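Worksheet for the structure shown next.
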Amino acid sequence: MRHAVMRRYFKHGVLPQLMVFDAVARHGSFTRAGEELYLAQPTVSVQLKKLADTVGLPLVEQAGKRIHLTEAGRELHSAIEELFRVFARAEEKLSSLRDPDTGRFRVAISTTAKYFAPRLLGHFCQEHPNAQVSMHVDNRERLLERMAANQDDVYVLSYPPADIALTLHKLLPNRLHVYGRSDHPFARRKRVPIEELAKQPLLMRELGSGTRLMTQGAFEKHGLRPNVRMEIGSDEAIKQAIIGGLGVSVLSEHTLRRTHGDVADEGLVELDVEGFPLDGWWYLAYPAARKLSPTAQVFVDQTLALAQSLSTPAVPAPTPAPVAAGRTARV
Ligand code: PGA
């Protein structure tokens with residue numbers, strides 16, 4: 001046992017006995033203690049006798065009608081008061097964790113999911129301003145390490161592992177296109193054979209990235225190896241490298257700004273290559289054995305409902321809360 005000194009108290013029913021003793025000590029009466037706890041007076045006596053046996057010392061003595069505490073009783077009662085204060089403090093914290101509006105949870109998202117997942121979180125936090133949420137951003141492999149170490153409550157990722165038992169909810173479509181600079185020769189062509197793409201200098205995400213796994217899979221399916229010009233650990237830097245003329249790349253469409261369906265990132269265009277786009281999904285995931293906290297469960301439910309209500313994969317920013325009447329904004 002962790003605390004050998006506690007062995008004496010390792011018995012069924014000690015906590016109710018302590019509560020009975022506390023009531024007797026405060027009221028100086030078995031009858032009134034019984035009334036407070038809705039117990040018959042003989043039950044109070046039995047509970048107190050059991051506690052005295054556990055402690056190994058008498059706890060109360062009768063003087064006339066009034067019950068007095070012995071020295072052992074006074075010692076035990078002051079310990080009980082301290083114990084109950086500790087319980088009350090813990091209960092305060094636990095009840096805030098039980099309440100979805102004030103509880104906390106940790107979400108970890110893959111690097112590419114940062115283009116939409118913070119907005120989903122924004123919608124949740126607008127409705128639950130007192131919930132405490134933390135968000136970690138890392139590539140797929142690092143997320144899997146965090147899953148193994150049980151570091152987060154919920155994950156947003158696109159390429160779930162086959163060897164970890166996960167609860168998976170489809171969140172949004174994830175479509176990967178080939179992107180190039182607007183003056184790239186493929187920009188004017190239709191259905192470019194993938195063999196030709198394999199010869200182009202390709203900008204590839206770092207090892208551990210889910211985007212990289214999906215891209216490699218597309219080439220491998222055709223028995224091809226891409227001509228990797230450079231590994232770059234950021235979708236944003238890849239876009240700039242394409243514009244800088246360093247090559248083409250395969251990226252999630254969520255990384256691109258769009259207006260009315262067209263790529264709005266200046267100088268970038270979608271290239272029409274055979275075998276592309278690659279169609280996948282973004283998932284909300286958590287270990288199958290995990291019982292989500294009430295706050296995390298509400299986040300999952302509301303986020304799935306919001307994603308379902310969207311007609312496009314683009315997640316709108318939450319609308320700012322209206323300023324309460326009578327409040328003036330200072331500039
Ligand atoms: P990543 O994201 O390429 O940023 O790792 C994709 C994924 O979640 O699999």
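By order of appearance in the structure tokens: chains A, B, ..., then residues from 1 within every chain, and ligands from 1 in the order shown.
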
Residues of range 40-127 of chain A in strand (DSSP E), written as a ChimeraX atom specification: /A:60-63,66-69,104-110

For the selection just defined, write its residues with all heavy atoms to a file, as a short mmCIF file (atom, residue, chain, number, x, y, z; two decimals), in the first residue's frame.
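The new file result.cif reads:
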data_model
loop_
_atom_site.label_atom_id
_atom_site.label_comp_id
_atom_site.auth_asym_id
_atom_site.auth_seq_id
_atom_site.Cartn_x
_atom_site.Cartn_y
_atom_site.Cartn_z
N VAL A 60 -15.60 9.07 22.04
CA VAL A 60 -16.55 9.93 22.76
C VAL A 60 -16.78 9.37 24.16
O VAL A 60 -16.53 8.19 24.42
CB VAL A 60 -17.92 10.01 22.03
CG1 VAL A 60 -17.79 10.70 20.69
CG2 VAL A 60 -18.55 8.64 21.86
N GLU A 61 -17.21 10.26 25.06
CA GLU A 61 -17.64 9.80 26.38
C GLU A 61 -18.89 10.59 26.75
O GLU A 61 -19.05 11.75 26.35
CB GLU A 61 -16.52 9.93 27.42
CG GLU A 61 -15.94 11.32 27.54
CD GLU A 61 -14.54 11.32 28.16
OE1 GLU A 61 -14.02 10.22 28.43
OE2 GLU A 61 -13.99 12.40 28.35
N GLN A 62 -19.74 9.93 27.54
CA GLN A 62 -21.02 10.55 27.90
C GLN A 62 -20.88 11.25 29.24
O GLN A 62 -20.36 10.67 30.19
CB GLN A 62 -22.08 9.45 27.99
CG GLN A 62 -23.46 9.98 28.20
CD GLN A 62 -24.40 9.56 27.05
OE1 GLN A 62 -24.12 8.60 26.35
NE2 GLN A 62 -25.48 10.31 26.90
N ALA A 63 -21.28 12.53 29.34
CA ALA A 63 -21.34 13.21 30.64
C ALA A 63 -22.73 13.79 30.73
O ALA A 63 -23.04 14.76 30.06
CB ALA A 63 -20.29 14.31 30.71
N ARG A 66 -25.03 15.04 27.49
CA ARG A 66 -24.17 15.53 26.40
C ARG A 66 -23.02 14.55 26.13
O ARG A 66 -22.50 13.89 27.02
CB ARG A 66 -23.63 16.90 26.80
CG ARG A 66 -22.75 17.49 25.77
CD ARG A 66 -22.98 18.97 25.51
NE ARG A 66 -22.05 19.30 24.42
CZ ARG A 66 -22.41 19.68 23.24
NH1 ARG A 66 -23.68 19.87 22.96
NH2 ARG A 66 -21.52 19.92 22.30
N ILE A 67 -22.68 14.44 24.85
CA ILE A 67 -21.57 13.59 24.41
C ILE A 67 -20.33 14.47 24.29
O ILE A 67 -20.38 15.54 23.67
CB ILE A 67 -21.88 12.97 23.03
CG1 ILE A 67 -23.17 12.16 23.05
CG2 ILE A 67 -20.72 12.16 22.50
CD1 ILE A 67 -23.07 10.85 23.79
N HIS A 68 -19.24 14.06 24.90
CA HIS A 68 -17.98 14.81 24.79
C HIS A 68 -16.96 14.00 24.02
O HIS A 68 -16.99 12.76 24.05
CB HIS A 68 -17.42 15.11 26.19
CG HIS A 68 -18.25 16.10 26.93
ND1 HIS A 68 -18.14 17.46 26.76
CD2 HIS A 68 -19.26 15.90 27.83
CE1 HIS A 68 -19.04 18.05 27.53
NE2 HIS A 68 -19.75 17.13 28.18
N LEU A 69 -16.05 14.70 23.37
CA LEU A 69 -14.98 13.99 22.65
C LEU A 69 -13.84 13.69 23.62
O LEU A 69 -13.51 14.52 24.48
CB LEU A 69 -14.42 14.87 21.52
CG LEU A 69 -15.40 15.31 20.43
CD1 LEU A 69 -14.65 15.98 19.27
CD2 LEU A 69 -16.18 14.11 19.89
N ARG A 104 -11.97 21.87 -19.39
CA ARG A 104 -10.84 22.13 -20.29
C ARG A 104 -10.57 20.91 -21.16
O ARG A 104 -10.97 19.79 -20.81
CB ARG A 104 -9.60 22.47 -19.47
CG ARG A 104 -9.08 21.30 -18.67
CD ARG A 104 -7.94 21.72 -17.82
NE ARG A 104 -8.45 22.42 -16.66
CZ ARG A 104 -7.73 22.79 -15.62
NH1 ARG A 104 -6.45 22.58 -15.63
NH2 ARG A 104 -8.27 23.38 -14.59
N PHE A 105 -9.94 21.13 -22.28
CA PHE A 105 -9.46 20.01 -23.08
C PHE A 105 -8.34 20.48 -23.99
O PHE A 105 -8.14 21.66 -24.21
CB PHE A 105 -10.60 19.35 -23.89
CG PHE A 105 -11.10 20.16 -25.04
CD1 PHE A 105 -10.63 19.91 -26.32
CD2 PHE A 105 -12.01 21.16 -24.85
CE1 PHE A 105 -11.09 20.66 -27.40
CE2 PHE A 105 -12.48 21.92 -25.91
CZ PHE A 105 -12.02 21.66 -27.18
N ARG A 106 -7.58 19.48 -24.47
CA ARG A 106 -6.44 19.78 -25.35
C ARG A 106 -6.71 19.17 -26.71
O ARG A 106 -7.08 18.00 -26.82
CB ARG A 106 -5.16 19.15 -24.77
CG ARG A 106 -4.68 19.84 -23.51
CD ARG A 106 -3.87 18.91 -22.69
NE ARG A 106 -4.66 17.73 -22.37
CZ ARG A 106 -4.26 16.74 -21.60
NH1 ARG A 106 -3.07 16.75 -21.09
NH2 ARG A 106 -5.05 15.70 -21.35
N VAL A 107 -6.51 19.98 -27.73
CA VAL A 107 -6.67 19.48 -29.09
C VAL A 107 -5.32 19.62 -29.78
O VAL A 107 -4.60 20.60 -29.56
CB VAL A 107 -7.82 20.21 -29.83
CG1 VAL A 107 -7.63 21.70 -29.89
CG2 VAL A 107 -7.99 19.69 -31.23
N ALA A 108 -4.94 18.61 -30.55
CA ALA A 108 -3.69 18.69 -31.33
C ALA A 108 -4.06 18.51 -32.79
O ALA A 108 -4.85 17.63 -33.14
CB ALA A 108 -2.72 17.61 -30.87
N ILE A 109 -3.53 19.39 -33.63
CA ILE A 109 -3.91 19.37 -35.05
C ILE A 109 -2.66 19.23 -35.91
O ILE A 109 -1.58 19.67 -35.52
CB ILE A 109 -4.69 20.65 -35.44
CG1 ILE A 109 -3.79 21.89 -35.36
CG2 ILE A 109 -5.89 20.84 -34.54
CD1 ILE A 109 -4.42 23.14 -35.94
N SER A 110 -2.82 18.63 -37.09
CA SER A 110 -1.64 18.49 -37.96
C SER A 110 -1.34 19.84 -38.61
O SER A 110 -2.21 20.72 -38.70
CB SER A 110 -1.86 17.40 -38.99
OG SER A 110 -2.82 17.79 -39.91
#

Alpha helix (DSSP H) per DSSP on the backbone: members of range 44-121 of chain A, as a PyMOL selection string: chain A and resi 44-55+71-98+117-121

Output file for the residues above (N, CA and C atoms, as a compact mmCIF listing (two decimals), in the first residue's frame):
# COMPACT_ATOMS: atom_id res chain seq x y z
N VAL A 44 -26.32 5.34 14.27
CA VAL A 44 -25.25 6.29 14.61
C VAL A 44 -24.30 5.63 15.60
N SER A 45 -24.87 4.97 16.66
CA SER A 45 -24.03 4.33 17.68
C SER A 45 -23.16 3.25 17.07
N VAL A 46 -23.76 2.43 16.16
CA VAL A 46 -23.00 1.33 15.55
C VAL A 46 -21.84 1.88 14.71
N GLN A 47 -22.13 2.92 13.93
CA GLN A 47 -21.10 3.52 13.07
C GLN A 47 -19.94 4.05 13.91
N LEU A 48 -20.31 4.69 15.04
CA LEU A 48 -19.28 5.28 15.89
C LEU A 48 -18.45 4.19 16.57
N LYS A 49 -19.11 3.09 16.93
CA LYS A 49 -18.40 1.98 17.58
C LYS A 49 -17.40 1.38 16.58
N LYS A 50 -17.84 1.23 15.33
CA LYS A 50 -16.95 0.67 14.30
C LYS A 50 -15.73 1.57 14.10
N LEU A 51 -15.98 2.89 14.10
CA LEU A 51 -14.87 3.83 13.89
C LEU A 51 -13.89 3.75 15.07
N ALA A 52 -14.43 3.67 16.29
CA ALA A 52 -13.56 3.58 17.48
C ALA A 52 -12.72 2.31 17.41
N ASP A 53 -13.33 1.19 16.91
CA ASP A 53 -12.58 -0.07 16.76
C ASP A 53 -11.44 0.10 15.75
N THR A 54 -11.77 0.81 14.64
CA THR A 54 -10.75 1.05 13.61
C THR A 54 -9.59 1.85 14.17
N VAL A 55 -9.93 2.91 14.91
CA VAL A 55 -8.89 3.78 15.47
C VAL A 55 -8.15 3.09 16.61
N GLU A 71 -9.68 12.80 24.08
CA GLU A 71 -8.53 13.43 23.43
C GLU A 71 -8.34 12.86 22.02
N ALA A 72 -8.50 11.50 21.91
CA ALA A 72 -8.37 10.87 20.58
C ALA A 72 -9.46 11.40 19.65
N GLY A 73 -10.66 11.59 20.21
CA GLY A 73 -11.78 12.10 19.42
C GLY A 73 -11.49 13.50 18.88
N ARG A 74 -10.90 14.36 19.77
CA ARG A 74 -10.59 15.74 19.32
C ARG A 74 -9.54 15.72 18.20
N GLU A 75 -8.52 14.87 18.40
CA GLU A 75 -7.47 14.75 17.37
C GLU A 75 -8.10 14.35 16.03
N LEU A 76 -8.93 13.28 16.12
CA LEU A 76 -9.51 12.76 14.88
C LEU A 76 -10.43 13.80 14.25
N HIS A 77 -11.19 14.52 15.09
CA HIS A 77 -12.13 15.47 14.52
C HIS A 77 -11.41 16.60 13.79
N SER A 78 -10.27 17.07 14.36
CA SER A 78 -9.59 18.17 13.64
C SER A 78 -9.02 17.65 12.32
N ALA A 79 -8.59 16.35 12.30
CA ALA A 79 -8.10 15.77 11.03
C ALA A 79 -9.25 15.67 10.02
N ILE A 80 -10.45 15.30 10.52
CA ILE A 80 -11.61 15.17 9.61
C ILE A 80 -11.97 16.52 9.01
N GLU A 81 -11.92 17.58 9.85
CA GLU A 81 -12.27 18.92 9.32
C GLU A 81 -11.32 19.30 8.18
N GLU A 82 -10.03 18.98 8.40
CA GLU A 82 -9.04 19.28 7.36
C GLU A 82 -9.35 18.46 6.09
N LEU A 83 -9.63 17.17 6.32
CA LEU A 83 -9.92 16.26 5.20
C LEU A 83 -11.13 16.76 4.40
N PHE A 84 -12.18 17.18 5.09
CA PHE A 84 -13.39 17.62 4.40
C PHE A 84 -13.13 18.92 3.62
N ARG A 85 -12.24 19.78 4.18
CA ARG A 85 -11.91 21.01 3.43
C ARG A 85 -11.20 20.65 2.13
N VAL A 86 -10.28 19.65 2.20
CA VAL A 86 -9.55 19.21 0.99
C VAL A 86 -10.55 18.66 -0.03
N PHE A 87 -11.51 17.84 0.45
CA PHE A 87 -12.54 17.28 -0.44
C PHE A 87 -13.36 18.39 -1.09
N ALA A 88 -13.71 19.39 -0.27
CA ALA A 88 -14.55 20.48 -0.80
C ALA A 88 -13.81 21.22 -1.91
N ARG A 89 -12.49 21.45 -1.70
CA ARG A 89 -11.71 22.15 -2.74
C ARG A 89 -11.64 21.30 -4.01
N ALA A 90 -11.40 19.97 -3.82
CA ALA A 90 -11.30 19.08 -4.99
C ALA A 90 -12.64 19.05 -5.72
N GLU A 91 -13.73 19.02 -4.96
CA GLU A 91 -15.06 18.93 -5.56
C GLU A 91 -15.36 20.19 -6.39
N GLU A 92 -14.89 21.33 -5.87
CA GLU A 92 -15.08 22.58 -6.62
C GLU A 92 -14.43 22.46 -8.00
N LYS A 93 -13.19 21.95 -8.01
CA LYS A 93 -12.49 21.81 -9.30
C LYS A 93 -13.16 20.76 -10.16
N LEU A 94 -13.56 19.64 -9.53
CA LEU A 94 -14.17 18.56 -10.32
C LEU A 94 -15.48 19.03 -10.93
N SER A 95 -16.24 19.82 -10.18
CA SER A 95 -17.54 20.22 -10.74
C SER A 95 -17.33 21.17 -11.92
N SER A 96 -16.22 21.95 -11.89
CA SER A 96 -15.99 22.81 -13.07
C SER A 96 -15.54 21.95 -14.25
N LEU A 97 -14.89 20.82 -13.97
CA LEU A 97 -14.51 19.93 -15.08
C LEU A 97 -15.74 19.21 -15.65
N ARG A 98 -16.74 18.95 -14.77
CA ARG A 98 -17.96 18.26 -15.24
C ARG A 98 -18.80 19.18 -16.11
N ALA A 117 -8.68 24.34 -38.77
CA ALA A 117 -9.09 23.88 -37.44
C ALA A 117 -9.20 25.01 -36.41
N PRO A 118 -8.30 26.03 -36.43
CA PRO A 118 -8.46 27.11 -35.45
C PRO A 118 -9.81 27.83 -35.59
N ARG A 119 -10.37 27.87 -36.80
CA ARG A 119 -11.69 28.50 -36.97
C ARG A 119 -12.78 27.66 -36.32
N LEU A 120 -12.64 26.33 -36.45
CA LEU A 120 -13.61 25.46 -35.79
C LEU A 120 -13.56 25.68 -34.28
N LEU A 121 -12.34 25.81 -33.77
CA LEU A 121 -12.17 26.06 -32.34
C LEU A 121 -12.76 27.42 -31.97

Residues within 6 Å of ligand 1, counting only C-alpha atoms and all ligand atoms, as a PyMOL selection string: chain A and resi 110-112+139-140+157-159+209-211

Residue among A:Ala25, A:Val20, A:Ala285, A:Val228 lying closest to Tyr38 in chain A, counting only C-alpha atoms: A:Val20

Proximity to Leu144 in chain A - best of A:Ile194, A:Tyr286, A:Val315, A:Lys199, only C-alpha atoms: A:Tyr286

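With only C-alpha atoms as the atoms that count, the residue of A:Glu127, A:Pro316, A:Gln17, A:Ala148 with the shortest distance to Ala33 in chain A is A:Gln17.
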
Spatial neighbours of Ile232 in chain A, 12 Å, only C-alpha atoms, chain gap at least 6 places, as a ChimeraX atom specification: /A:202-209,211-212,238-242,246-247,249

Which residue of A:Pro287, A:Arg142, A:Asp152, A:Thr102 approaches Cys125 in chain A most closely, using only C-alpha atoms: A:Thr102

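For the pair CA of Leu18 in chain A and CA of Lys65 in chain A, the separation is 22.1 Å.
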
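The gap separating CA of Gly233 in chain A from CA of Ala165 in chain A is 27.8 Å, in Å to one decimal.
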
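Here the question is which of A:Leu268, A:Ile164, A:Asn174, A:Arg257 gets nearest to Ala289 in chain A using only C-alpha atoms, and that residue is A:Ile164.
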
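Considering only C-alpha atoms, the residue among A:Gly122, A:Pro16, A:Pro58, A:Pro277 positioned nearest to Leu39 in chain A is A:Pro16.
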
I want to know what sits within 12 Å of Glu220 in chain A, based on only C-alpha atoms, with residues of the same chain fewer than 5 positions away left out; could you give that as a compact mmCIF listing (two decimals) with N, CA, C and O atoms, in the first residue's frame?
# COMPACT_ATOMS: atom_id res chain seq x y z
N ILE A 194 0.98 11.37 -65.38
CA ILE A 194 1.70 11.45 -64.10
C ILE A 194 3.20 11.16 -64.29
O ILE A 194 4.04 11.64 -63.55
N GLU A 195 3.52 10.39 -65.35
CA GLU A 195 4.94 10.11 -65.64
C GLU A 195 5.70 11.42 -65.90
O GLU A 195 6.85 11.56 -65.52
N ALA A 198 6.32 13.18 -62.64
CA ALA A 198 7.40 12.55 -61.87
C ALA A 198 8.77 13.10 -62.27
O ALA A 198 9.72 13.02 -61.48
N LEU A 213 3.11 11.49 -47.21
CA LEU A 213 2.73 10.08 -47.37
C LEU A 213 1.72 9.92 -48.50
O LEU A 213 1.82 9.00 -49.32
N MET A 214 0.74 10.82 -48.54
CA MET A 214 -0.29 10.72 -49.58
C MET A 214 0.31 10.97 -50.96
O MET A 214 -0.04 10.30 -51.94
N THR A 215 1.24 11.93 -51.06
CA THR A 215 1.87 12.24 -52.34
C THR A 215 2.70 11.04 -52.81
O THR A 215 2.59 10.61 -53.98
N ARG A 225 8.80 7.11 -59.05
CA ARG A 225 9.43 7.82 -57.91
C ARG A 225 9.53 9.28 -58.28
O ARG A 225 10.02 9.63 -59.35
N PRO A 226 9.03 10.17 -57.40
CA PRO A 226 9.07 11.59 -57.76
C PRO A 226 10.50 12.13 -57.72
O PRO A 226 11.36 11.60 -57.02
N GLY A 275 -4.52 11.25 -62.26
CA GLY A 275 -4.39 10.66 -60.92
C GLY A 275 -4.61 11.68 -59.81
O GLY A 275 -4.62 11.32 -58.63

Env of Val269 in chain A: 10 Å cut, atoms = only C-alpha atoms, seq-sep filter 5 positions within chain, self excluded. Answer as a compact mmCIF listing (two decimals) with N, CA, C and O atoms, in the first residue's frame.
# COMPACT_ATOMS: atom_id res chain seq x y z
N HIS A 177 -4.19 18.76 -54.53
CA HIS A 177 -3.96 19.09 -55.94
C HIS A 177 -2.47 19.27 -56.19
O HIS A 177 -1.70 19.51 -55.27
N VAL A 178 -2.12 19.21 -57.48
CA VAL A 178 -0.77 19.60 -57.88
C VAL A 178 -0.82 21.10 -58.16
O VAL A 178 -1.70 21.57 -58.88
N TYR A 179 0.10 21.86 -57.55
CA TYR A 179 0.15 23.30 -57.78
C TYR A 179 1.48 23.68 -58.43
O TYR A 179 2.52 23.08 -58.13
N GLY A 180 1.41 24.67 -59.31
CA GLY A 180 2.63 25.17 -59.95
C GLY A 180 2.51 26.67 -60.13
O GLY A 180 1.46 27.27 -59.84
N ARG A 181 3.57 27.28 -60.66
CA ARG A 181 3.52 28.71 -60.91
C ARG A 181 2.64 28.94 -62.15
O ARG A 181 2.59 28.08 -63.04
N SER A 182 2.02 30.09 -62.22
CA SER A 182 1.05 30.32 -63.30
C SER A 182 1.70 30.24 -64.70
O SER A 182 0.99 29.96 -65.67
N ASP A 183 3.04 30.44 -64.80
CA ASP A 183 3.66 30.35 -66.12
C ASP A 183 4.26 28.96 -66.38
O ASP A 183 5.01 28.76 -67.33
N HIS A 184 3.93 27.97 -65.52
CA HIS A 184 4.45 26.61 -65.73
C HIS A 184 3.84 26.03 -67.02
O HIS A 184 2.64 26.23 -67.27
N PHE A 186 2.75 23.17 -67.74
CA PHE A 186 1.57 22.32 -67.51
C PHE A 186 0.30 23.14 -67.30
O PHE A 186 -0.80 22.61 -67.40
N ALA A 187 0.47 24.44 -67.01
CA ALA A 187 -0.70 25.27 -66.67
C ALA A 187 -1.66 25.38 -67.86
O ALA A 187 -2.85 25.58 -67.68
N ILE A 242 7.24 27.68 -54.74
CA ILE A 242 6.65 27.49 -56.08
C ILE A 242 6.71 28.82 -56.83
O ILE A 242 7.16 28.91 -57.97
N LEU A 256 -4.56 26.78 -49.66
CA LEU A 256 -4.65 27.85 -50.66
C LEU A 256 -5.81 28.78 -50.37
O LEU A 256 -6.88 28.32 -49.98
N ASP A 262 -11.68 29.71 -57.31
CA ASP A 262 -10.37 29.86 -57.98
C ASP A 262 -9.27 30.12 -56.97
O ASP A 262 -9.51 30.77 -55.94
N VAL A 263 -8.07 29.63 -57.29
CA VAL A 263 -6.94 29.89 -56.41
C VAL A 263 -6.68 31.39 -56.38
O VAL A 263 -6.55 32.03 -57.41
N ALA A 264 -6.63 31.94 -55.17
CA ALA A 264 -6.44 33.39 -55.08
C ALA A 264 -5.02 33.73 -54.63
O ALA A 264 -4.66 34.89 -54.56
